[in-house]
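K.L.:
Here's a structure for you.
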Amino acid sequence: MRSPSTRSPCPPTRRLGLLALSLFALLAAVGCSTFARAVKEGDTLTTQRQWSQAEAAYQRALAAEPGNSEAKVKLRDMRRLWSAEVFQAAQGKHAEGDLAAATPLLVRALELDEGNAEVGALLAQTLDARVEGAQKALQAEKLQEARAEFDAVLAVDGEHAAARKGVTAVRTAWARRWFSTAKRLEDEGKLGNALLAYVRADQELAGATQARERAEAVRRLLQDEVAFMVVTAPAEDKASAPDVAQRLSPGRLAAMLPQEVPIRVITTEAPKNHEGVRLGMALERVLPVKSVEQGQRSTRYLLTNKAVPNPRRFELETALLAEERKLEEVERKMGGVLREYLRRQDELVQAREVAGRCRDRERKACSKALAECTEAITRVKPGHVPRECDPSLCNPQCEQEERAYAQRAATARELEQRLEGAQESAEAQRREVQRGRDAWYREPLTVEEPVYADYPYDVELHKLTLTATVTERLVDLAKDAAGASPHTEDYAALHEDSSNKAYDKVGVLADPVQLRSEAELRVEAGDKAITAIAARVKERFDAYRQRRVEDARRGLVRPSSEDVVETAVRALLLTADEPPQDILLTIAKARGLEHPEALLGR
């Protein structure tokens, strides 16, 4: 028989298999234990009718064993019992007539037991009853209550036909109510409030009323009311230049002004109590000036090529000298490190010899002490230790020499590493020097360099300048135009071009004169004048509408007030190009507008 100590060990593959099997069995036991505890806990909670905790327990069991049919069946049965309890509570609420409280209970019961036809039938009956109640509220003009009921039904059943029709009917009723309110406000002369009401009616349901058309009409009336009038007449032509005077016409002025804001350019007398300016324009003179200036230019051309010392060779030589100097410095440092290393090696050899001699003396002394101890033991009585056997006679006596030797050895190792690093640096620098020498020898001594020459030639600079002198009078409508100070300014249009002959030998092409015509410059000068005048008119308009905006901002503390709304709407129409968001959003929120920009017709 083979003894236990001589039995062959178990193979590695077998040991791994046993380990994996044990781990699997352990995990299975843990899993089964978790599953069983969760199922038992779910059964207990189901008996106690604690439905949410029981559902959580069964969910934990299914997490431990996802495909277990027992846990699935128990979870389904528990949900049916839970659904029956919720359905019973919903029936009680339904019997009391509290349909709003019964609806979420029925929805929850149907979520727990989707196949329960009785719950589905009662839910459909409840929704129909709520729709019927909402329709009665709609007939009684209780629009908010009706809309809330219709929305609650659609939140449960988004495809409920009667509820969807009811929402459309509510929106139609709201649109008509807002339209009636707007008509009343318009008849009362409160056009700003009427415009907001028309816009609200159109946003409630587009097409249900004529709110959009009426809003556009009221918007035009308000724009005419707050419009900034520019009373002008055709420019007086004192220079006998009808083509330039035509560019100063009222129509051209209106085209230069912003189109989004109510600025009216008229040639008749302005209505009373209107903000605006009176503009008078006169074309004093149109002066064309043509001049020719003689000048000279030069062009460079290739004359020949010549051999010159290669500058690249000089750069490489300079770099090579720098690398050689660096190599000399590196080798000098390496020599210093080598000398220090050799000196330290001599010291290390001396320290090793001293330590070795000390160890020999120590060994001999200890051997002698052992021999004397052995001889003394034979002479003394048994049980007695002779004086010659004292252990202190063999104590180490070379600790100082050993420490000195270890310190010098560490210093030698450090110097050896420094020497290796210096040698590697020197070798790398030698390679760089060799590369520099190779590059310097490969570079040619001379290179071809182009030689250029300058060829001067005559040019003529032709200039055509047309200056239009315009006088304008700009005065507020409330003031006397006769006392206004005129403003006279010159508006110049300039074009220039140069010409020269052809010189084929040096590659200069002929360049004939291509000046713009005088008629084009006359048009440009007139456009510059009308643009500047329009900018000054715009400045007056900006000052006017800024006052209206400040008045509107002062009333925003009570944005629902009708007088505040009137002021704010007029200020917004005057700033339609860049409406102040604080005013626009505040007024829109006060009237419940979903899209505030619709107030401006966008």
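All residue names refer to the structure tokens as shown: chains lettered A, B, ... in order, residues numbered from 1 in each chain, ligands numbered from 1 in order.
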Please identify all polymer residues within 12 Å of range 293-295 of chain A, counting only C-alpha atoms, omitting same-chain residues fewer than 6 positions from it, and present them as a VMD selection string.
P.N.:
chain A and resid 456 to 464 496 to 500
K.L.:
Excluding same-chain residues fewer than 2 positions from Gln135 in chain A, what lies within 10 Å of it counting only C-alpha atoms, as a list of chain:residue names?
P.N.:
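Residues meeting the cut-off are A:Ala129, A:Arg130, A:Val131, A:Glu132, A:Gly133, A:Ala137, A:Leu138, A:Gln139, A:Ala140, A:Glu141, A:Lys142, A:Leu143, A:Glu145, A:Ala146, A:Arg147, A:Glu149, A:Phe150, A:Ala162, A:Ala163, A:Gly166, A:Val167, A:Ala169, A:Val170.
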K.L.:
Once DSSP has gone over the backbone, tell me which residues of range 141-334 of chain A are in strand (DSSP E or B), as a ChimeraX atom specification.
P.N.:
/A:228-232,236-237,263-266,276-309
K.L.:
Could you build a table of the residues in range 240-356 of chain A lying no more than 10 Å from range 437-446 of chain A, giving for each the nearest pair of atoms and their separation in Å rounded to one decimal place, using only C-alpha atoms, ordered by chain and ascending residue number, as a tab-separated table?
P.N.:
```
residue	atom	partner	partner_atom	distance
A:Lys306	CA	A:Thr446	CA	9.6
A:Ala307	CA	A:Thr446	CA	6.0
A:Val308	CA	A:Thr446	CA	5.3
A:Pro309	CA	A:Thr446	CA	4.4
A:Asn310	CA	A:Thr446	CA	4.6
A:Pro311	CA	A:Thr446	CA	8.4
A:Arg312	CA	A:Glu443	CA	7.5
A:Arg313	CA	A:Glu443	CA	6.0
A:Phe314	CA	A:Trp440	CA	8.6
A:Glu315	CA	A:Trp440	CA	9.0
A:Leu316	CA	A:Trp440	CA	5.7
A:Glu317	CA	A:Trp440	CA	6.3
A:Thr318	CA	A:Trp440	CA	9.8
A:Ala319	CA	A:Trp440	CA	9.4
A:Leu320	CA	A:Arg437	CA	6.6
A:Leu321	CA	A:Arg437	CA	9.6
A:Glu323	CA	A:Arg437	CA	10.0
A:Glu324	CA	A:Arg437	CA	10.0
```
K.L.:
Residues at most 7 Å from Pro486 in chain A, counting only C-alpha atoms, excluding those fewer than 5 positions away in the same chain, as a list of chain:residue names?
P.N.:
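In the requested form, the answer reads A:Thr471, A:Glu472, A:Arg473.
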K.L.:
So that I can see what lies close to range 216-233 of chain A, please list as a list of chain:residue names the residues with an atom at most 7 Å from it, counting only C-alpha atoms and leaving out residues fewer than 2 positions away in the same chain.
P.N.:
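Surrounding residues, per the criterion: A:Leu191, A:Leu195, A:Arg212, A:Glu213, A:Arg214, A:Ala235, A:Pro250, A:Pro262, A:Ile263, A:Arg264, A:Val265, A:Ile266, A:Thr267, A:Thr268, A:Glu269, A:Ala270, A:Glu275, A:Gly276, A:Val277, A:Arg278, A:Leu279, A:Gly280, A:Phe541, A:Arg570, A:Leu573.
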K.L.:
Just give me the gap between CA of Arg108 in chain A and CA of Leu62 in chain A in Å, one decimal is fine.
P.N.:
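Distance reported for this atom pair: 22.5 Å.
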K.L.:
Pick from A:Arg37, A:Thr181, A:Thr126, A:Arg200: nearest to Leu593 in chain A, with only C-alpha atoms counted?
P.N.:
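With only C-alpha atoms as the atom set, the closest residue is A:Arg200.
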K.L.:
Counting only C-alpha atoms, which of A:Val433, A:Ala161, A:Cys398, A:Ala211 gets nearest to Arg361 in chain A?
P.N.:
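Closest to Arg361 in chain A, using only C-alpha atoms: A:Cys398.
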K.L.:
Report the residues of range 311-482 of chain A whose backbone DSSP state falls under helix (DSSP H, G or I), written as a ChimeraX atom specification.
P.N.:
/A:311-377,387-389,391-394,399-442,481-482
K.L.:
Rounded to one decimal place, report the CA of Val564 in chain A-CA of Lys190 in chain A distance in Å.
P.N.:
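We find that CA of Val564 in chain A and CA of Lys190 in chain A lie 11.1 Å from each other.
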K.L.:
Write out as number ranges by chain which residues come within 12 Å of Gly336 in chain A when counting only C-alpha atoms, dropping same-chain ones fewer than 6 positions away.
P.N.:
A: 329-330, 342-343, 415, 418-419, 422-423
K.L.:
Write out, as a PDB file, in the first residue's frame, the residues just selected, with C-alpha atoms.
P.N.:
```pdb
ATOM      1  CA  GLU A 329      32.502  70.461 -23.363  1.00  0.00           C
ATOM      2  CA  VAL A 330      30.789  67.069 -23.031  1.00  0.00           C
ATOM      3  CA  LEU A 342      39.053  56.046 -10.698  1.00  0.00           C
ATOM      4  CA  ARG A 343      39.978  57.864  -7.482  1.00  0.00           C
ATOM      5  CA  LEU A 415      29.886  57.554  -9.916  1.00  0.00           C
ATOM      6  CA  ARG A 418      27.205  59.150 -13.827  1.00  0.00           C
ATOM      7  CA  LEU A 419      30.099  57.901 -15.963  1.00  0.00           C
ATOM      8  CA  ALA A 422      28.383  60.989 -19.607  1.00  0.00           C
ATOM      9  CA  GLN A 423      29.622  58.375 -22.071  1.00  0.00           C
TER      10      GLN A 423
END
```
K.L.:
Would you list the contacts of Val119 in chain A as a ChimeraX atom specification, taking every protein, DNA or RNA residue within 10 Å and counting only C-alpha atoms, but skipping same-chain residues closer than 4 positions in sequence?
P.N.:
/A:83-84,87-88,90-91,105-110,113-115,123-125
K.L.:
For the residues selected in the previous step, produce a file with C-alpha atoms as a compact mmCIF listing (two decimals), in the first residue's frame.
P.N.:
```txt
# COMPACT_ATOMS: atom_id res chain seq x y z
CA SER A 83 -57.22 45.54 -8.85
CA ALA A 84 -60.42 44.18 -7.35
CA PHE A 87 -62.16 48.71 -8.43
CA GLN A 88 -64.40 48.39 -5.37
CA ALA A 90 -63.83 53.25 -7.63
CA GLN A 91 -67.37 51.85 -7.66
CA LEU A 105 -58.92 54.62 -9.46
CA LEU A 106 -60.39 52.93 -12.53
CA VAL A 107 -57.25 53.70 -14.54
CA ARG A 108 -55.12 52.13 -11.80
CA ALA A 109 -57.38 49.07 -11.61
CA LEU A 110 -57.13 48.60 -15.36
CA ASP A 113 -55.61 43.85 -14.49
CA GLU A 114 -55.59 44.79 -18.16
CA GLY A 115 -58.01 42.06 -19.22
CA LEU A 123 -64.11 53.44 -17.11
CA ALA A 124 -65.68 54.07 -20.51
CA GLN A 125 -69.00 54.83 -18.80
```
K.L.:
Contacts of range 382-386 of chain A at 12 Å or less, counting only C-alpha atoms, minus same-chain residues fewer than 5 places along, as a tab-separated table (two decimals) with C-alpha atoms, in the first residue's frame?
P.N.:
```tsv
chain	number	residue	atom	x	y	z
A	369	ALA	CA	38.83	32.10	22.48
A	370	LEU	CA	36.89	28.96	21.45
A	372	GLU	CA	40.70	28.18	25.32
A	373	CYS	CA	37.04	27.67	26.29
A	374	THR	CA	37.18	24.02	25.16
A	375	GLU	CA	40.35	23.40	27.14
A	376	ALA	CA	38.94	25.14	30.24
A	377	ILE	CA	35.74	23.06	30.21
A	391	PRO	CA	30.59	35.21	24.69
```
K.L.:
Find the residue from A:Gly592, A:Thr575, A:Ala568, A:Ala519 that sits nearest to Gln546 in chain A; use only C-alpha atoms when measuring.
P.N.:
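Nearest to Gln546 in chain A: A:Thr575.
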